[in-house]
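Note sheet for the following structure.
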Amino acid sequence: MVGILLTCALSLPVSLDSISEYFQCRDDQHMIEYVSEWTPLIAKYFDNIDDQIKAHKIIYCESKGDPVAVGINRDGSYDVGLWQFNDNTWAWLSPKLNIKSNRTNPEVSTAVASWLIKNDGWFHWNSSKHCWENNEKR
């Protein structure tokens, strides 16, 4: 399977805007390459190339591509897996979607992320939006 290819080039004449866009593209390129092992799985559940790029970046920002990553929140809840599903979100979705697997299963968590995004939007990952959304100050 062919991965996502981003080509980043500076336009001439060079301006502050073109330099910013170039560096954003390079950041995006790094994130996508870093988690590229998940490209076939992302392509399976996300049809649109822009959604595939965003999915790569969210996985990078949330877990750096580690399917067993665990984050502990201030309230004592856990975020688990590639997509860092929170205990409460997973408990809400499990009976709704008849999920029998756990959050560390990349296939299941990506399928659930895709369903959630298609039915409820990307806002579930707003806590890492500063990392994955273009043109945000880092």
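To be explicit about the labels: the chains of the structure tokens are called A, B, and onward in the order shown, and within each one the residues are counted from 1, while ligands get numbers from 1 in the order they are shown.
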
Find the spatial neighbours of Lys64 in chain A, counting only C-alpha atoms, within a cut-off of 8 Å - ignore same-chain residues fewer than 5 positions away - and output them as an MDAnalysis selection string. chainID A and resid 34:35 59 82

Produce a file of the selected residues containing all heavy atoms, as a PDB file, in the first residue's frame.
ATOM      1  N   TYR A  34       6.106   9.219  11.020  1.00  0.00           N
ATOM      2  CA  TYR A  34       6.374   8.604  12.324  1.00  0.00           C
ATOM      3  C   TYR A  34       5.371   7.490  12.631  1.00  0.00           C
ATOM      4  O   TYR A  34       5.726   6.481  13.247  1.00  0.00           O
ATOM      5  CB  TYR A  34       6.341   9.671  13.418  1.00  0.00           C
ATOM      6  CG  TYR A  34       6.962   9.227  14.715  1.00  0.00           C
ATOM      7  CD1 TYR A  34       8.315   9.423  14.948  1.00  0.00           C
ATOM      8  CD2 TYR A  34       6.198   8.617  15.702  1.00  0.00           C
ATOM      9  CE1 TYR A  34       8.899   9.023  16.139  1.00  0.00           C
ATOM     10  CE2 TYR A  34       6.765   8.211  16.893  1.00  0.00           C
ATOM     11  CZ  TYR A  34       8.115   8.415  17.111  1.00  0.00           C
ATOM     12  OH  TYR A  34       8.683   8.003  18.291  1.00  0.00           O
ATOM     13  N   VAL A  35       4.119   7.666  12.221  1.00  0.00           N
ATOM     14  CA  VAL A  35       3.069   6.663  12.503  1.00  0.00           C
ATOM     15  C   VAL A  35       2.627   5.931  11.234  1.00  0.00           C
ATOM     16  O   VAL A  35       1.540   5.368  11.183  1.00  0.00           O
ATOM     17  CB  VAL A  35       1.860   7.297  13.230  1.00  0.00           C
ATOM     18  CG1 VAL A  35       2.276   7.874  14.569  1.00  0.00           C
ATOM     19  CG2 VAL A  35       1.171   8.343  12.368  1.00  0.00           C
ATOM     20  N   ILE A  59      -3.242  10.385  15.819  1.00  0.00           N
ATOM     21  CA  ILE A  59      -2.558   9.224  16.404  1.00  0.00           C
ATOM     22  C   ILE A  59      -1.158   9.620  16.869  1.00  0.00           C
ATOM     23  O   ILE A  59      -0.720   9.236  17.959  1.00  0.00           O
ATOM     24  CB  ILE A  59      -2.519   8.047  15.410  1.00  0.00           C
ATOM     25  CG1 ILE A  59      -3.920   7.432  15.284  1.00  0.00           C
ATOM     26  CG2 ILE A  59      -1.501   6.998  15.826  1.00  0.00           C
ATOM     27  CD1 ILE A  59      -4.051   6.391  14.198  1.00  0.00           C
ATOM     28  N   LEU A  82      -4.063   3.763  20.633  1.00  0.00           N
ATOM     29  CA  LEU A  82      -3.629   4.671  19.561  1.00  0.00           C
ATOM     30  C   LEU A  82      -4.355   6.004  19.632  1.00  0.00           C
ATOM     31  O   LEU A  82      -3.757   7.059  19.449  1.00  0.00           O
ATOM     32  CB  LEU A  82      -3.926   4.058  18.181  1.00  0.00           C
ATOM     33  CG  LEU A  82      -3.031   2.978  17.637  1.00  0.00           C
ATOM     34  CD1 LEU A  82      -3.546   2.518  16.271  1.00  0.00           C
ATOM     35  CD2 LEU A  82      -1.602   3.453  17.531  1.00  0.00           C
TER      36      LEU A  82
END

Hey, what's within 12 Å of Thr89 in chain A if we count only C-alpha atoms and toss same-chain stuff fewer than 4 positions away? As a VMD selection string, please? chain A and resid 77 to 80 83 to 85 93 to 97 103 109 112 to 113 116 124 to 125

Every residue of range 27-137 of chain A that DSSP places in strand (DSSP E), as a ChimeraX atom specification: /A:70-72,78-80,85-86

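Remark: for Asn86 in chain A, the closest of the candidate residues A:Asn119, A:Asn126, A:Asn73, A:Thr39 is A:Asn73 (distances computed over only C-alpha atoms).
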
Nearest residue to His130 in chain A out of A:Gly76, A:Asn102, A:Ala69, A:Cys61, using only C-alpha atoms?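 Selected residue with least distance to His130 in chain A: A:Cys61.
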
Fewer than 4 positions away in the same chain doesn't count, so skip those; otherwise give me all residues within 7 Å of Trp132 in chain A, counting only C-alpha atoms, as an MDAnalysis selection string. chainID A and resid 57:58 61 128

Write the residues of the selection above to a file with C-alpha atoms, as a PDB file, in the first residue's frame.
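Ended up saving to selection-v2.pdb:
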ATOM      1  CA  LYS A  57      -1.679  13.429  13.034  1.00  0.00           C
ATOM      2  CA  ILE A  58      -4.111  12.655  15.869  1.00  0.00           C
ATOM      3  CA  CYS A  61      -0.217  13.569  18.917  1.00  0.00           C
ATOM      4  CA  SER A 128      -4.564  17.639  21.528  1.00  0.00           C
TER       5      SER A 128
END

Helix (DSSP H, G or I) residues, from DSSP on the backbone, in chain A, as a VMD selection string: chain A and resid 16 to 34 36 to 45 49 to 63 87 to 97 106 to 120 122 to 132

Interatomic distance, CA of Thr104 in chain A to CA of Val70 in chain A (Å, one decimal): 9.3 Å

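Between CA of Pro106 in chain A and CA of Gly81 in chain A the interatomic distance comes to 7.4 Å.
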